[in-house]
Amino acid sequence: MKRVIAFCLALCCTLAAQTAKVYDGAWWNSVSVEQRTGFLAGYIDCAVYDAGEKRYEAVSWNIAEKAVTTGYGADASELKTPVSSMLVRFIETQKPGTIQPGGEVYPGKHGIFNGEYWRQSLPAHRLGFIEGYLERHVKIANSKASYSRPAAWYVNQISNWYGIKTGDPGEIDTKRSPAKIADVLYLFRVKAGAPSQ
C-alpha cells in the first residue's frame, strides 16, 4: 500500500512539473512583443514593490525586451536560460542607480500600474504582465498570498473587476480604475486554509 501511495505521489508531482509553464528562451521566442513587454513590466513591478529589489527600479521594460531578445538570438544554447536570468544580465550592464533621461517617476507603490494602464494594454500585454508578476511573486519568501490558477484566469478576473469588457475595451469603472493591478490581483489569491485550485 505504501508503494502505491508513493507511486501516486510521484506521478502527481511529475504531472504537475510537466504542466508548469517555463519562462525561458523557447517561451520568449514563441510569444509576441506585447506579451514579452507585459511579462517584464509585471516582473519588475513585483520585484520592486513587493520583493523590495531596488536594482529593478530604473529598468525600462521596452529597452529590456530588446536586450533579452538579442541575448536569446545570439546563442541557441541560451534558450533554456530563464527570462529572469536574462533580465538580471541586462541590469548588470546598466549603470547602477541611474534613471534614463526624460524618464518619468511615479510616486507610490506600483507606480503607473493601475486600471487605466490595464485598460489601455492589449490582451497579450495583460497576460504577460500577470505571467511576469506571478513568476517573480513565487520567489518571495513568507508571502501573504499564493496564486494557483493559470495567468489567463487572473487576467479575466482583473478585467471584470475593473469593469472592462472584451467587446468595449474603452469602458472602465472609474471608481475602481485608480486601484493598482497588484492590489486587484491580491483579491483573487488563495485564501489561507482554502484548497488550491
# chains A, B, ... in the order shown; residues from 1 in each chain; ligands from 1
call {"tool": "residues_around", "arguments": {"residues": "stretch 152-155 of chain A", "least_positions_apart": "2", "cutoff": "8 Å", "atoms": "only C-alpha atoms", "output": "list in words"}}
result
Arg126, Leu127, Ile130, Arg149, Pro150, Gln157, Ile158, Ser159, Leu185 and Phe188 of chain A
call {"tool": "select_by_dssp", "arguments": {"residues": "chain A", "states": "helix (DSSP H, G or I)", "output": "ChimeraX atom specification"}}
result
/A:2-19,25-30,33-49,54-56,61-74,76-80,83-92,115-120,123-137,151-162,181-186
call {"tool": "closest_residue", "arguments": {"among": "A:Lys175, A:Ile181, A:Gly167, A:Asp50", "to": "A:Lys144", "atoms": "only C-alpha atoms"}}
result
A:Asp50
call {"tool": "residues_around", "arguments": {"residues": "A:Phe129", "least_positions_apart": "2", "cutoff": "9 Å", "atoms": "only C-alpha atoms", "output": "ChimeraX atom specification"}}
result
/A:35-43,45,124-127,131-134,155
call {"tool": "write_last_selection", "arguments": {"atoms": "N, CA and C atoms", "output": "short mmCIF file (atom, residue, chain, number, x, y, z; two decimals), in the first residue's frame"}}
result
data_model
loop_
_atom_site.label_atom_id
_atom_site.label_comp_id
_atom_site.auth_asym_id
_atom_site.auth_seq_id
_atom_site.Cartn_x
_atom_site.Cartn_y
_atom_site.Cartn_z
N GLN A 35 3.38 40.57 -25.31
CA GLN A 35 3.39 39.67 -24.17
C GLN A 35 4.74 39.73 -23.45
N ARG A 36 5.81 39.86 -24.20
CA ARG A 36 7.15 39.96 -23.60
C ARG A 36 7.27 41.22 -22.74
N THR A 37 6.87 42.38 -23.31
CA THR A 37 6.97 43.62 -22.54
C THR A 37 6.05 43.59 -21.33
N GLY A 38 4.89 42.97 -21.49
CA GLY A 38 3.99 42.80 -20.35
C GLY A 38 4.63 41.96 -19.26
N PHE A 39 5.28 40.86 -19.67
CA PHE A 39 5.96 39.99 -18.72
C PHE A 39 7.00 40.78 -17.92
N LEU A 40 7.81 41.54 -18.64
CA LEU A 40 8.86 42.31 -17.97
C LEU A 40 8.28 43.38 -17.05
N ALA A 41 7.22 44.05 -17.50
CA ALA A 41 6.58 45.07 -16.66
C ALA A 41 6.04 44.45 -15.37
N GLY A 42 5.36 43.32 -15.48
CA GLY A 42 4.82 42.66 -14.30
C GLY A 42 5.91 42.13 -13.38
N TYR A 43 6.93 41.54 -13.97
CA TYR A 43 8.05 41.02 -13.19
C TYR A 43 8.73 42.14 -12.42
N ASP A 45 7.48 45.13 -11.68
CA ASP A 45 6.55 45.67 -10.69
C ASP A 45 6.62 44.87 -9.39
N ALA A 124 -2.57 40.66 -24.94
CA ALA A 124 -1.31 39.92 -24.79
C ALA A 124 -0.42 40.57 -23.73
N HIS A 125 -0.44 41.89 -23.66
CA HIS A 125 0.36 42.60 -22.65
C HIS A 125 -0.18 42.30 -21.26
N ARG A 126 -1.50 42.29 -21.12
CA ARG A 126 -2.12 41.97 -19.82
C ARG A 126 -1.72 40.57 -19.37
N LEU A 127 -1.81 39.61 -20.29
CA LEU A 127 -1.43 38.24 -19.95
C LEU A 127 0.03 38.18 -19.54
N GLU A 131 1.72 37.00 -15.99
CA GLU A 131 2.71 35.92 -16.01
C GLU A 131 4.01 36.37 -15.34
N GLY A 132 4.48 37.56 -15.68
CA GLY A 132 5.71 38.07 -15.10
C GLY A 132 5.58 38.35 -13.62
N TYR A 133 4.46 38.96 -13.24
CA TYR A 133 4.23 39.27 -11.83
C TYR A 133 4.23 37.98 -11.01
N LEU A 134 3.48 36.97 -11.48
CA LEU A 134 3.40 35.71 -10.73
C LEU A 134 4.73 34.97 -10.72
N VAL A 155 -6.23 37.28 -15.44
CA VAL A 155 -6.44 38.37 -16.40
C VAL A 155 -7.94 38.63 -16.54
#
call {"tool": "residues_around", "arguments": {"residues": "A:His110", "least_positions_apart": "5", "cutoff": "8 Å", "atoms": "only C-alpha atoms", "output": "list of chain:residue names"}}
result
A:Asp45, A:Tyr49, A:Lys180, A:Ala182
call {"tool": "residues_around", "arguments": {"residues": "A:Glu171", "least_positions_apart": "5", "cutoff": "10 Å", "atoms": "only C-alpha atoms", "output": "MDAnalysis selection string"}}
result
chainID A and resid 119 162:166
call {"tool": "closest_residue", "arguments": {"among": "A:Lys109, A:Lys191, A:Arg89, A:Lys21", "to": "A:Glu135", "atoms": "only C-alpha atoms"}}
result
A:Lys21
call {"tool": "residues_around", "arguments": {"residues": "A:Ser146", "least_positions_apart": "2", "cutoff": "7 Å", "atoms": "only C-alpha atoms", "output": "number ranges by chain"}}
result
A: 148, 189-190
call {"tool": "write_last_selection", "arguments": {"atoms": "N, CA and C atoms", "output": "compact mmCIF listing (two decimals), in the first residue's frame"}}
result
# COMPACT_ATOMS: atom_id res chain seq x y z
N SER A 148 -2.81 29.94 -7.50
CA SER A 148 -2.72 28.59 -8.02
C SER A 148 -3.37 28.41 -9.40
N ARG A 189 -6.30 35.89 -4.59
CA ARG A 189 -5.31 34.96 -4.05
C ARG A 189 -6.00 33.76 -3.45
N VAL A 190 -5.22 32.70 -3.17
CA VAL A 190 -5.74 31.54 -2.45
C VAL A 190 -5.82 31.96 -0.99
call {"tool": "closest_residue", "arguments": {"among": "A:Arg136, A:Leu187, A:Ile44, A:Ala26", "to": "A:Phe113", "atoms": "only C-alpha atoms"}}
result
A:Ile44
call {"tool": "decode", "arguments": {"residues": "stretch 134-147 of chain A", "atoms": "N, CA, C and O atoms", "output": "PDB file, in the first residue's frame"}}
result
ATOM      1  N   LEU A 134       3.483  36.972 -11.478  1.00  0.00           N
ATOM      2  CA  LEU A 134       3.397  35.715 -10.730  1.00  0.00           C
ATOM      3  C   LEU A 134       4.727  34.965 -10.722  1.00  0.00           C
ATOM      4  O   LEU A 134       5.075  34.331  -9.720  1.00  0.00           O
ATOM      5  N   GLU A 135       5.471  35.046 -11.822  1.00  0.00           N
ATOM      6  CA  GLU A 135       6.773  34.389 -11.896  1.00  0.00           C
ATOM      7  C   GLU A 135       7.708  34.938 -10.818  1.00  0.00           C
ATOM      8  O   GLU A 135       8.444  34.192 -10.177  1.00  0.00           O
ATOM      9  N   ARG A 136       7.690  36.238 -10.612  1.00  0.00           N
ATOM     10  CA  ARG A 136       8.538  36.830  -9.574  1.00  0.00           C
ATOM     11  C   ARG A 136       7.944  36.593  -8.188  1.00  0.00           C
ATOM     12  O   ARG A 136       8.651  36.379  -7.212  1.00  0.00           O
ATOM     13  N   HIS A 137       6.628  36.624  -8.093  1.00  0.00           N
ATOM     14  CA  HIS A 137       5.962  36.510  -6.799  1.00  0.00           C
ATOM     15  C   HIS A 137       6.224  35.167  -6.110  1.00  0.00           C
ATOM     16  O   HIS A 137       6.358  35.115  -4.895  1.00  0.00           O
ATOM     17  N   VAL A 138       6.305  34.091  -6.876  1.00  0.00           N
ATOM     18  CA  VAL A 138       6.505  32.774  -6.257  1.00  0.00           C
ATOM     19  C   VAL A 138       7.851  32.676  -5.543  1.00  0.00           C
ATOM     20  O   VAL A 138       8.042  31.791  -4.708  1.00  0.00           O
ATOM     21  N   LYS A 139       8.760  33.589  -5.828  1.00  0.00           N
ATOM     22  CA  LYS A 139      10.088  33.566  -5.203  1.00  0.00           C
ATOM     23  C   LYS A 139      10.160  34.423  -3.945  1.00  0.00           C
ATOM     24  O   LYS A 139      11.215  34.516  -3.320  1.00  0.00           O
ATOM     25  N   ILE A 140       9.065  35.067  -3.563  1.00  0.00           N
ATOM     26  CA  ILE A 140       9.060  35.908  -2.363  1.00  0.00           C
ATOM     27  C   ILE A 140       8.850  35.017  -1.138  1.00  0.00           C
ATOM     28  O   ILE A 140       7.819  34.354  -1.006  1.00  0.00           O
ATOM     29  N   ALA A 141       9.839  35.011  -0.266  1.00  0.00           N
ATOM     30  CA  ALA A 141       9.730  34.217   0.964  1.00  0.00           C
ATOM     31  C   ALA A 141       8.696  34.856   1.883  1.00  0.00           C
ATOM     32  O   ALA A 141       8.575  36.076   1.954  1.00  0.00           O
ATOM     33  N   ASN A 142       7.941  34.036   2.562  1.00  0.00           N
ATOM     34  CA  ASN A 142       6.945  34.486   3.543  1.00  0.00           C
ATOM     35  C   ASN A 142       5.870  35.403   2.962  1.00  0.00           C
ATOM     36  O   ASN A 142       5.387  36.294   3.634  1.00  0.00           O
ATOM     37  N   SER A 143       5.524  35.187   1.716  1.00  0.00           N
ATOM     38  CA  SER A 143       4.471  35.992   1.100  1.00  0.00           C
ATOM     39  C   SER A 143       3.135  35.681   1.762  1.00  0.00           C
ATOM     40  O   SER A 143       2.872  34.551   2.164  1.00  0.00           O
ATOM     41  N   LYS A 144       2.293  36.689   1.852  1.00  0.00           N
ATOM     42  CA  LYS A 144       0.967  36.507   2.439  1.00  0.00           C
ATOM     43  C   LYS A 144      -0.043  36.022   1.414  1.00  0.00           C
ATOM     44  O   LYS A 144      -1.202  35.823   1.726  1.00  0.00           O
ATOM     45  N   ALA A 145       0.394  35.848   0.175  1.00  0.00           N
ATOM     46  CA  ALA A 145      -0.525  35.434  -0.888  1.00  0.00           C
ATOM     47  C   ALA A 145       0.083  34.337  -1.733  1.00  0.00           C
ATOM     48  O   ALA A 145       1.289  34.279  -1.926  1.00  0.00           O
ATOM     49  N   SER A 146      -0.780  33.458  -2.213  1.00  0.00           N
ATOM     50  CA  SER A 146      -0.357  32.470  -3.201  1.00  0.00           C
ATOM     51  C   SER A 146      -1.426  32.414  -4.286  1.00  0.00           C
ATOM     52  O   SER A 146      -2.590  32.743  -4.059  1.00  0.00           O
ATOM     53  N   TYR A 147      -0.981  32.005  -5.463  1.00  0.00           N
ATOM     54  CA  TYR A 147      -1.849  32.000  -6.642  1.00  0.00           C
ATOM     55  C   TYR A 147      -1.696  30.657  -7.327  1.00  0.00           C
ATOM     56  O   TYR A 147      -0.590  30.278  -7.698  1.00  0.00           O
TER      57      TYR A 147
END
